[in-house]
Structures are given as structure tokens and as C-alpha cells.
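Here is the structure we will look at.
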Amino acid sequence: MNVTMFGTGYVGLVTGTCFAEMGNDVLCVDIDAKKVAALERGDIGIHEPGLEPMVKSNTAAGRLAFTTDPKRGVDHGEILFIAVGTPQADDGSADLRYVLDVARTIGTHMATPKLIVDKSTVPVGTGDLVRAEVEQTLSARGAKVEFDVLSNPEFLKEGAAVNDFMKPDRIVIGAERIESSRHLEQLYAPFNRNHDRIVRMDIRSAELTKYAANVMLATRISLMNELANLADRLGADIESVRRGIGSDPRIGFSFIYPGVGYGGSCFPKDVQALVHTASACDYDAEIVRGVAAVNERQKSVLLTKIERYFGGLDGRTLAVWGLAFKPNTDDMREAPSRKLLDALFARGVRVRAYDPAAMAEARTIYKNEPKLTLCTTRDATLEGADGLVLVTEWNEFRSPDFQRVKQMLKQLVVFDGRNLYDPDYLTQLGFAYFGIGRGSLDRGI
Ligand SMILES: NC(=O)c1ccc[n+]([C@@H]2O[C@H](COP(=O)([O-])OP(=O)(O)OC[C@H]3O[C@@H](n4cnc5c(N)ncnc54)[C@H](O)[C@@H]3O)[C@@H](O)[C@H]2O)c1
């Protein structure tokens, strides 16, 4: 099939490339000329395992191309995907300007029937807005061309995006017309061979399904963080509690890790957007509001522990391991590390940081920050540092040589924002250890 992808970010690039991999002819359109030029050179600009070789091989095979020309994009595809950003607006709602820009672009250039598929995460009712925008643009130029709008939210995870797209748990398709749904299902057939993963529904339900999934996961994280903060105050160990509840199959072990709060480009904005959607229909989504509030507070928990331990922070140096909002990505959007780093800099702390993938991103974000030293290796961060702070649980941070850490740190203290380390082992080695919810408040911190 001829497929066009509007938006070549994490979602558009992965989706477009995976469709090309299955033999489709995919054209990706983006308004960012620099990004398009880089993609044409095979430089994907993001850290996403397995993606770059696939982009290169499909481009070489002539099945994947990139352009900034919207007319070429509209002409090319029988199926046109909208995969542009839906960032958080000032009032917490999802900013739909990019989605509606694409709808107008389609209405402006459309000359043959099209299936317009919304893959961006958008509030309930956006399908109607896209349809209306295309209709208005068409009628303004006196054109009459058939089209349909579908919702096909994306559930891939950054860091495992290619695998998630190739082997989806489910493919949600929201459609009003069965023929349109079938057309899109054909495109997904290669991803749906093992068993039927397609979940068919109306457009509004599909739009809400995406928010429901993210809010459900964010709720588990915030609830676990709330329990961890309680454990700290009660002298209990949240890691024992986690194992104690995760073994219940009704609860399970996924997404119940306490930590420094969720971040990234999706959970924070999607939780806020659902709060906004609820209030727009006069409903107070109390739990969802709480999820966001607990998360915001959680991003300061590690800082509070650091401050209590050191007393004054001015003039200290800390080693920070991990900057990306989670492992296997270079994405630092809404990353808990950013709030921590900003607070440390404001208190006069020098930070020596390392992340396996997000160094370039950190260099861009903190280009004018003299208190930050970006180190080329994990262990180089420890030189002259007063303590170690673990923020992101990359594999290479899981089993460091703590004897070496001990030799390099000026003060033997570890703040473990992901509960990666064994407190007993570190305590035996002579470290002061502070995790999340490990009863550390009981010891006066
Ligand atoms: N990143 C994820 O893990 C993820 C997962 C599932 C869903 N989503 C959702 O998918 C959507 C896209 O997310 P993303 O992370 O890929 O965003 P992104 O910011 O990485 O990329 C969006 C791209 O759209 C481009 N763009 C903006 N306006 C355009 C236009 N008029 N025409 C063509 N291109 C245009 C931008 O230049 C940018 O390259 C969002 O709604 C997001 O919530 C993201």
C-alpha cells in the first residue's frame, strides 16, 4: 500500500519504517527540514534500538522516503497517518494545533479518496474536529473528495519501540465505517498473523483507550510512590511490600516500582490532558488529579533526602548516574533528572553526570550551565564527588564495583532513586544508603 506519515518523531518514524519493512511504500512528511535532511542521510537523531538500520535498509530499497513537501505527501498515500506532537498547552489540555494543521494540509491538497488515520494521542472528539477541518478546507476550495477519519492510537514504548510495533499486544482501531476499518486492518495484517490482536471500536472509545492506558500505568506508579513515602515514615521496606503484593496475580509486578516519579513525553501530558477533558465535561477526575500531584511531589523526594543528609549543599559536588527519563532512550522530556539537577544547581551544587545515551540531549538542554560536567564514563563522575545519586536504572548502573566507588567518592553515601542496590551490602561496605521507601526516614533522613 501507499502510506503517508505526517510527523516523523518517535511514533511517525517507527510506524512508517515498520510499515515499509513489511513491503509498503511509505513517505514520511515533516515540517522540520533539518530533521528530513538528516533522515535522508540515514541519521535518525534519536536513540531507539534497532531503528536506524531499518531506516537505512528501507530507504535503500526505495520503500521509505522523507519530504517536507505536504502536497507530495497527500498525493502519495491512500492511507494518511497523522503522527504529529500533541504537547501540553498552558491550561493542561492537549494542544491540537499540529493535528489540525495536518487536517488542513490534507483538505488543501486532496484530489483522490483518502483514509485519514489519527495516530497521535488526542482528546475524545478530535476525530470529529479533524473531519470538520478537512470538510471545511475542501468546501472552501469548492472540492468534493471522499474521505474517512479513523482513530488508531499508538502504544509503543520508547526504548523498545520497534519490537513493540512489530509485535503489538493489541491494535486498537476506532472507526465509524466497517469498510474503512477493513482497509486499515489490511495494512496491519502482517503484524496480526499469530492471533487476532485487533480491537475494533468506535472512534471516541479508541481515543479514550489511549488515555486510559497511560493513566492506568501512571496511577500504579504514583500509588506505589505514595506507599513508598509511607514506608519511609513507618520504617517499613517498600521492596518487601512490592514483592508481597506483586505476587498476587490480580496485581502483578509490572509498573509497581517506586522511584523518582514518571517522566517522558507521554505520561505527564496525557494525565494532565485527561484532567482537563474531565473538567471540560464538568467532572472532577479526583484520582487522575492525585496521580499528577503525587508524581510532581515525588520528583523532589531524592532532593529532600540529599538535603537532610548534607545539611547545607552549597559547594558540594555530586555524581549523577542517568539523565534520560527511563533506560534505553535519550529522551529527557519531563525527566525527573531535570527537576533534581535544576534544584541542585540552584543550591550551589556541582554535578558530574553520565548517561549512556542522553549526553547530547543534556548538552543541548544545559549548554549554559557551568555547574554541570558531563563525564564520558560512569566512573569518571565519581572523581571528587561527595556522593552518588542514581536517577535512571540503565543496565550498566546495576552492578558497579562498589569497592572502586568507595575509593573514588569523598563521602561514602549513595542516594538510590530506583532501589537498584542492596542496602545491607552497601551498609556493610561502609556506605550510608538512601533509597525510595526503604525506611530511611526512620534513620533520621
Ligand atoms: N513518544 C512516544 O513514546 C509515544 C507513544 C505513543 C503515542 N505517542 C503520541 O504520538 C504523538 C507523536 O509523538 P512523538 O513522540 O512522535 O512526537 P515528536 O515530537 O517526537 O514528533 C512529532 C513530529 O511532528 C512534526 N510535525 C509537526 N507539525 C507537523 C506538520 N504539520 N506536518 C508534518 N510534521 C509535523 C514535528 O516536526 C516532529 O518531528 C503524540 O501525540 C504522542 O503523545 C507518543
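By convention here, the chains of the C-alpha cells are called A, B, ... in the order presented, each chain's residues are numbered starting at 1, and ligands are numbered starting at 1 in the order presented.
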
Contacts to ligand 1 at 7 Å cut-off (only C-alpha atoms and all ligand atoms) as a short mmCIF file (atom, residue, chain, number, x, y, z; two decimals) with N, CA, C and O atoms, in the first residue's frame:
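Below you can see out_9.cif, which holds the result:
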```cif
data_model
loop_
_atom_site.label_atom_id
_atom_site.label_comp_id
_atom_site.auth_asym_id
_atom_site.auth_seq_id
_atom_site.Cartn_x
_atom_site.Cartn_y
_atom_site.Cartn_z
N PHE A 6 2.41 11.76 8.44
CA PHE A 6 2.69 13.16 8.78
C PHE A 6 3.25 13.22 10.18
O PHE A 6 2.58 12.81 11.14
N GLY A 7 4.48 13.70 10.31
CA GLY A 7 5.17 13.71 11.60
C GLY A 7 6.16 12.57 11.62
O GLY A 7 5.79 11.40 11.43
N THR A 8 7.43 12.92 11.82
CA THR A 8 8.49 11.90 11.79
C THR A 8 9.24 11.92 13.10
O THR A 8 10.47 11.94 13.14
N GLY A 9 8.50 11.93 14.21
CA GLY A 9 9.10 11.84 15.53
C GLY A 9 9.21 10.37 15.92
O GLY A 9 9.27 9.49 15.06
N TYR A 10 9.23 10.10 17.22
CA TYR A 10 9.34 8.72 17.70
C TYR A 10 8.27 7.84 17.07
O TYR A 10 8.54 6.76 16.57
N VAL A 11 7.04 8.32 17.09
CA VAL A 11 5.93 7.48 16.63
C VAL A 11 5.89 7.39 15.11
O VAL A 11 5.82 6.30 14.53
N GLY A 12 5.95 8.54 14.43
CA GLY A 12 5.84 8.54 12.98
C GLY A 12 6.97 7.77 12.32
O GLY A 12 6.76 6.99 11.39
N VAL A 29 6.37 12.76 5.97
CA VAL A 29 6.41 14.21 5.79
C VAL A 29 6.67 14.87 7.15
O VAL A 29 6.04 14.51 8.14
N ASP A 30 7.58 15.83 7.16
CA ASP A 30 7.78 16.61 8.40
C ASP A 30 8.03 18.06 8.02
O ASP A 30 8.56 18.35 6.94
N ILE A 31 7.63 18.97 8.91
CA ILE A 31 7.86 20.39 8.63
C ILE A 31 9.28 20.81 9.03
O ILE A 31 9.72 21.90 8.71
N ASP A 32 9.97 19.93 9.74
CA ASP A 32 11.32 20.22 10.21
C ASP A 32 12.33 19.79 9.12
O ASP A 32 12.68 18.62 8.99
N ALA A 83 0.69 11.73 12.78
CA ALA A 83 1.51 11.28 13.93
C ALA A 83 2.34 12.44 14.45
O ALA A 83 3.51 12.28 14.80
N VAL A 84 1.74 13.61 14.48
CA VAL A 84 2.45 14.81 14.95
C VAL A 84 2.29 14.95 16.47
O VAL A 84 1.48 14.26 17.09
N GLY A 85 3.04 15.86 17.05
CA GLY A 85 3.00 16.04 18.50
C GLY A 85 1.68 16.65 18.97
O GLY A 85 1.02 17.39 18.24
N THR A 86 1.31 16.30 20.20
CA THR A 86 0.15 16.91 20.86
C THR A 86 0.61 17.36 22.25
O THR A 86 0.23 16.78 23.26
N TYR A 98 -1.06 21.16 15.81
CA TYR A 98 -0.32 20.44 14.76
C TYR A 98 -1.22 19.43 14.05
O TYR A 98 -1.14 19.24 12.85
N VAL A 99 -2.09 18.78 14.84
CA VAL A 99 -3.02 17.81 14.27
C VAL A 99 -3.95 18.52 13.27
O VAL A 99 -4.15 18.05 12.14
N ASP A 101 -3.43 21.38 11.80
CA ASP A 101 -2.63 21.86 10.65
C ASP A 101 -2.58 20.77 9.58
O ASP A 101 -2.74 21.05 8.39
N VAL A 102 -2.33 19.54 10.02
CA VAL A 102 -2.23 18.44 9.05
C VAL A 102 -3.60 18.22 8.39
O VAL A 102 -3.68 18.02 7.17
N LYS A 119 -3.07 8.87 14.60
CA LYS A 119 -2.23 8.04 15.46
C LYS A 119 -1.71 8.84 16.66
O LYS A 119 -1.31 8.25 17.67
N SER A 120 -1.72 10.16 16.56
CA SER A 120 -1.32 10.98 17.70
C SER A 120 -2.28 10.70 18.86
O SER A 120 -3.42 10.29 18.64
N THR A 121 -1.80 10.96 20.08
CA THR A 121 -2.67 10.83 21.24
C THR A 121 -3.51 12.10 21.34
O THR A 121 -2.97 13.18 21.54
N VAL A 122 -4.81 11.95 21.15
CA VAL A 122 -5.68 13.14 21.08
C VAL A 122 -6.93 12.97 21.94
O VAL A 122 -7.44 11.86 22.10
N PRO A 153 -4.76 4.73 17.94
CA PRO A 153 -3.74 5.19 18.90
C PRO A 153 -2.55 4.24 18.96
O PRO A 153 -2.68 3.06 18.65
N GLU A 154 -1.41 4.81 19.35
CA GLU A 154 -0.17 4.04 19.36
C GLU A 154 0.23 3.72 20.81
O GLU A 154 0.17 4.59 21.66
N PHE A 155 0.69 2.49 21.02
CA PHE A 155 1.04 2.07 22.39
C PHE A 155 2.51 1.72 22.55
O PHE A 155 2.90 1.15 23.56
N LEU A 156 3.33 2.03 21.53
CA LEU A 156 4.74 1.65 21.63
C LEU A 156 5.43 2.36 22.79
O LEU A 156 5.01 3.44 23.21
N LYS A 157 6.50 1.71 23.29
CA LYS A 157 7.29 2.31 24.36
C LYS A 157 8.62 2.78 23.77
O LYS A 157 9.27 2.00 23.06
N GLU A 158 9.02 4.00 24.09
CA GLU A 158 10.35 4.43 23.68
C GLU A 158 11.36 3.47 24.31
O GLU A 158 11.19 3.04 25.43
N SER A 265 7.60 12.04 27.42
CA SER A 265 6.76 12.93 26.61
C SER A 265 5.29 12.54 26.68
O SER A 265 4.45 13.23 26.11
N CYS A 266 4.96 11.44 27.38
CA CYS A 266 3.57 10.97 27.31
C CYS A 266 2.82 11.04 28.66
O CYS A 266 1.83 11.76 28.76
#
```

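Straight-line separation from CA of Cys28 in chain A to CA of Gly77 in chain A: 10.0 Å.
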
Show me, as a list in words, the residues that have an atom within 8 Å of range 212-214 of chain A when counting only C-alpha atoms, minus same-chain residues fewer than 5 positions from it. Cys266, Phe267, Asp270 and Val271 of chain A

Can you measure CA of Pro49 in chain A to CA of Gly159 in chain A for me? One decimal in Å is fine. 6.3 Å

What are the closest atom pairs, with distances in Å to one decimal, for all residues of range 62-174 of chain A lying within 8 Å of range 186-196 of chain A? Consider only C-alpha atoms, order rows by chain and residue number, and present the result as CSV.
```
residue,atom,partner,partner_atom,distance
A:Met166,CA,A:Phe191,CA,6.0
A:Lys167,CA,A:Phe191,CA,6.4
A:Pro168,CA,A:Phe191,CA,7.3
```

Quick one: write out the picked residues with C-alpha atoms as a PDB file, in the first residue's frame?
```pdb
ATOM      1  CA  MET A 166       6.369  -5.355  15.248  1.00  0.00           C
ATOM      2  CA  LYS A 167       4.778  -7.484  17.978  1.00  0.00           C
ATOM      3  CA  PRO A 168       1.921  -5.400  19.341  1.00  0.00           C
TER       4      PRO A 168
END
```

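Scanning range 84-242 of chain A with DSSP on the backbone, the strand (DSSP E) assignments fall on A:Lys114, A:Leu115, A:Ile116, A:Val117, A:Asp118, A:Phe147, A:Asp148, A:Val149, A:Leu150, A:Ser151, A:Ile171, A:Val172, A:Ile173, A:Gly174, A:Ile198, A:Val199, A:Arg200, A:Met201.
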
Write out as a PyMOL selection string the residues lying within 12 Å of Asp342 in chain A, counting only C-alpha atoms and excluding same-chain residues fewer than 6 positions away. chain A and resi 299-300+303+335-336+348-351+365-366+369+371-372

Serialized selection, all heavy atoms, as a CSV table (one decimal), in the first residue's frame:
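Contents of part.csv, freshly written:
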```
chain,number,residue,atom,x,y,z
A,299,LYS,N,9.1,13.9,42.5
A,299,LYS,CA,10.4,14.3,41.8
A,299,LYS,C,11.3,15.0,42.8
A,299,LYS,O,12.4,15.3,42.5
A,299,LYS,CB,10.0,15.2,40.6
A,299,LYS,CG,9.4,14.4,39.4
A,299,LYS,CD,9.2,15.3,38.2
A,299,LYS,CE,8.7,14.6,37.0
A,299,LYS,NZ,8.4,15.5,35.9
A,300,SER,N,10.8,15.4,44.0
A,300,SER,CA,11.6,16.1,44.9
A,300,SER,C,12.1,15.2,46.1
A,300,SER,O,12.8,15.7,47.0
A,300,SER,CB,10.8,17.3,45.6
A,300,SER,OG,10.4,18.1,44.5
A,303,LEU,N,15.8,14.8,46.4
A,303,LEU,CA,16.5,16.1,46.8
A,303,LEU,C,16.3,16.3,48.3
A,303,LEU,O,17.3,16.7,49.0
A,303,LEU,CB,15.8,17.2,46.0
A,303,LEU,CG,16.3,18.6,46.5
A,303,LEU,CD1,17.7,18.8,45.9
A,303,LEU,CD2,15.4,19.7,46.0
A,335,ALA,N,11.9,14.6,32.3
A,335,ALA,CA,12.7,13.6,33.0
A,335,ALA,C,12.8,14.1,34.5
A,335,ALA,O,13.1,15.3,34.7
A,335,ALA,CB,14.1,13.4,32.4
A,336,PRO,N,12.7,13.2,35.5
A,336,PRO,CA,12.9,13.6,36.9
A,336,PRO,C,14.3,14.1,37.1
A,336,PRO,O,14.5,15.0,38.0
A,336,PRO,CB,12.7,12.2,37.6
A,336,PRO,CG,11.8,11.4,36.7
A,336,PRO,CD,12.2,11.8,35.3
A,348,GLY,N,23.7,25.6,44.6
A,348,GLY,CA,25.1,25.7,44.5
A,348,GLY,C,25.9,24.4,44.4
A,348,GLY,O,27.1,24.4,44.7
A,349,VAL,N,25.2,23.3,44.0
A,349,VAL,CA,25.9,22.0,43.9
A,349,VAL,C,26.4,21.9,42.5
A,349,VAL,O,25.8,22.3,41.5
A,349,VAL,CB,24.8,20.9,44.1
A,349,VAL,CG1,25.5,19.5,44.0
A,349,VAL,CG2,24.3,21.0,45.5
A,350,ARG,N,27.7,21.4,42.4
A,350,ARG,CA,28.2,21.0,41.1
A,350,ARG,C,27.9,19.5,40.9
A,350,ARG,O,27.9,18.7,41.8
A,350,ARG,CB,29.8,21.1,41.2
A,350,ARG,CG,30.2,22.5,41.3
A,350,ARG,CD,31.7,22.7,41.2
A,350,ARG,NE,32.0,24.1,41.1
A,350,ARG,CZ,31.9,24.8,39.9
A,350,ARG,NH1,31.6,24.2,38.8
A,350,ARG,NH2,32.1,26.1,39.9
A,351,VAL,N,27.5,19.3,39.6
A,351,VAL,CA,27.1,17.9,39.3
A,351,VAL,C,28.0,17.3,38.2
A,351,VAL,O,28.3,18.0,37.2
A,351,VAL,CB,25.6,17.9,38.8
A,351,VAL,CG1,25.2,16.5,38.2
A,351,VAL,CG2,24.6,18.3,39.9
A,365,ILE,N,20.3,20.9,26.5
A,365,ILE,CA,19.5,21.5,27.5
A,365,ILE,C,20.3,22.3,28.4
A,365,ILE,O,19.8,23.4,28.8
A,365,ILE,CB,18.8,20.3,28.3
A,365,ILE,CG1,17.8,19.6,27.4
A,365,ILE,CG2,18.0,20.9,29.5
A,365,ILE,CD1,17.3,18.3,28.0
A,366,TYR,N,21.5,21.9,28.8
A,366,TYR,CA,22.3,22.6,29.8
A,366,TYR,C,23.5,23.3,29.3
A,366,TYR,O,24.5,23.3,29.9
A,366,TYR,CB,22.7,21.6,30.9
A,366,TYR,CG,21.5,21.1,31.7
A,366,TYR,CD1,21.1,19.8,31.6
A,366,TYR,CD2,20.8,22.0,32.6
A,366,TYR,CE1,20.0,19.3,32.3
A,366,TYR,CE2,19.7,21.5,33.3
A,366,TYR,CZ,19.3,20.2,33.2
A,366,TYR,OH,18.2,19.7,33.9
A,369,GLU,N,25.1,25.9,31.5
A,369,GLU,CA,25.2,25.6,33.0
A,369,GLU,C,26.6,25.2,33.4
A,369,GLU,O,27.0,24.1,33.2
A,369,GLU,CB,24.2,24.4,33.3
A,369,GLU,CG,24.1,24.1,34.7
A,369,GLU,CD,23.9,25.3,35.6
A,369,GLU,OE1,22.9,25.9,35.6
A,369,GLU,OE2,24.9,25.7,36.3
A,371,LYS,N,27.7,24.7,36.3
A,371,LYS,CA,27.9,23.7,37.4
A,371,LYS,C,27.7,22.3,36.9
A,371,LYS,O,27.9,21.4,37.8
A,371,LYS,CB,26.8,24.0,38.4
A,371,LYS,CG,27.0,25.4,39.1
A,371,LYS,CD,26.1,25.5,40.4
A,371,LYS,CE,25.9,26.9,40.8
A,371,LYS,NZ,24.9,27.6,40.0
A,372,LEU,N,27.5,22.0,35.6
A,372,LEU,CA,27.3,20.7,35.2
A,372,LEU,C,28.6,20.2,34.4
A,372,LEU,O,29.0,20.9,33.4
A,372,LEU,CB,26.1,20.5,34.3
A,372,LEU,CG,25.9,19.2,33.6
A,372,LEU,CD1,25.6,18.1,34.7
A,372,LEU,CD2,24.7,19.2,32.6
```

With only C-alpha atoms as the counted atoms, please give the residues lying no more than 7 Å from Val124 in chain A, apart from itself and same-chain residues fewer than 4 positions off, as a PyMOL selection string. chain A and resi 204+207-208

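Across A:Gly263, A:Gly435, A:Gly430, A:Pro123, the tightest approach to Ala231 in chain A is made by A:Gly435 when counting only C-alpha atoms.
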
Looking only at the backbone, which of the residues in range 305-436 of chain A does DSSP tag as helix (DSSP H, G or I), as number ranges by chain? A: 305-310, 336-346, 359-365, 379-382, 395-397, 402-408, 423-428

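When only C-alpha atoms are used to compute distances to Asp75 in chain A, the closest of the residues A:Ala38, A:Ala236, A:Leu27, A:Leu426 turns out to be A:Leu27.
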
Report the distance between CA of Thr277 in chain A and CA of Arg197 in chain A in Å, rounded to one decimal place. 28.4 Å

Surrounding residues of Leu39 in chain A excluding itself and chain neighbours under 4 positions, 10 Å, only C-alpha atoms, as a PyMOL selection string: chain A and resi 8+13+28+33-35+43-45+52+55-56+59+65-67

Generate the output file for the selected residues, C-alpha atoms, as a compact mmCIF listing (two decimals), in the first residue's frame.
```
# COMPACT_ATOMS: atom_id res chain seq x y z
CA THR A 8 8.49 11.90 11.79
CA LEU A 13 9.35 7.30 12.22
CA CYS A 28 7.19 10.50 5.73
CA ALA A 33 13.62 20.50 7.17
CA LYS A 34 16.75 19.72 9.24
CA LYS A 35 15.20 16.51 10.51
CA ASP A 43 20.76 9.85 10.66
CA ILE A 44 17.66 9.25 12.80
CA GLY A 45 18.64 11.72 15.52
CA GLU A 52 18.49 3.15 12.40
CA VAL A 55 15.51 3.12 8.27
CA LYS A 56 18.69 2.76 6.19
CA THR A 59 15.42 3.84 2.33
CA ALA A 65 11.34 8.29 1.73
CA PHE A 66 11.23 11.64 3.52
CA THR A 67 9.98 15.01 2.41
```

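Nearest residue to Leu344 in chain A, choosing from A:Val241, A:Leu313, A:Ile203, A:Leu115 and counting only C-alpha atoms: A:Leu313.
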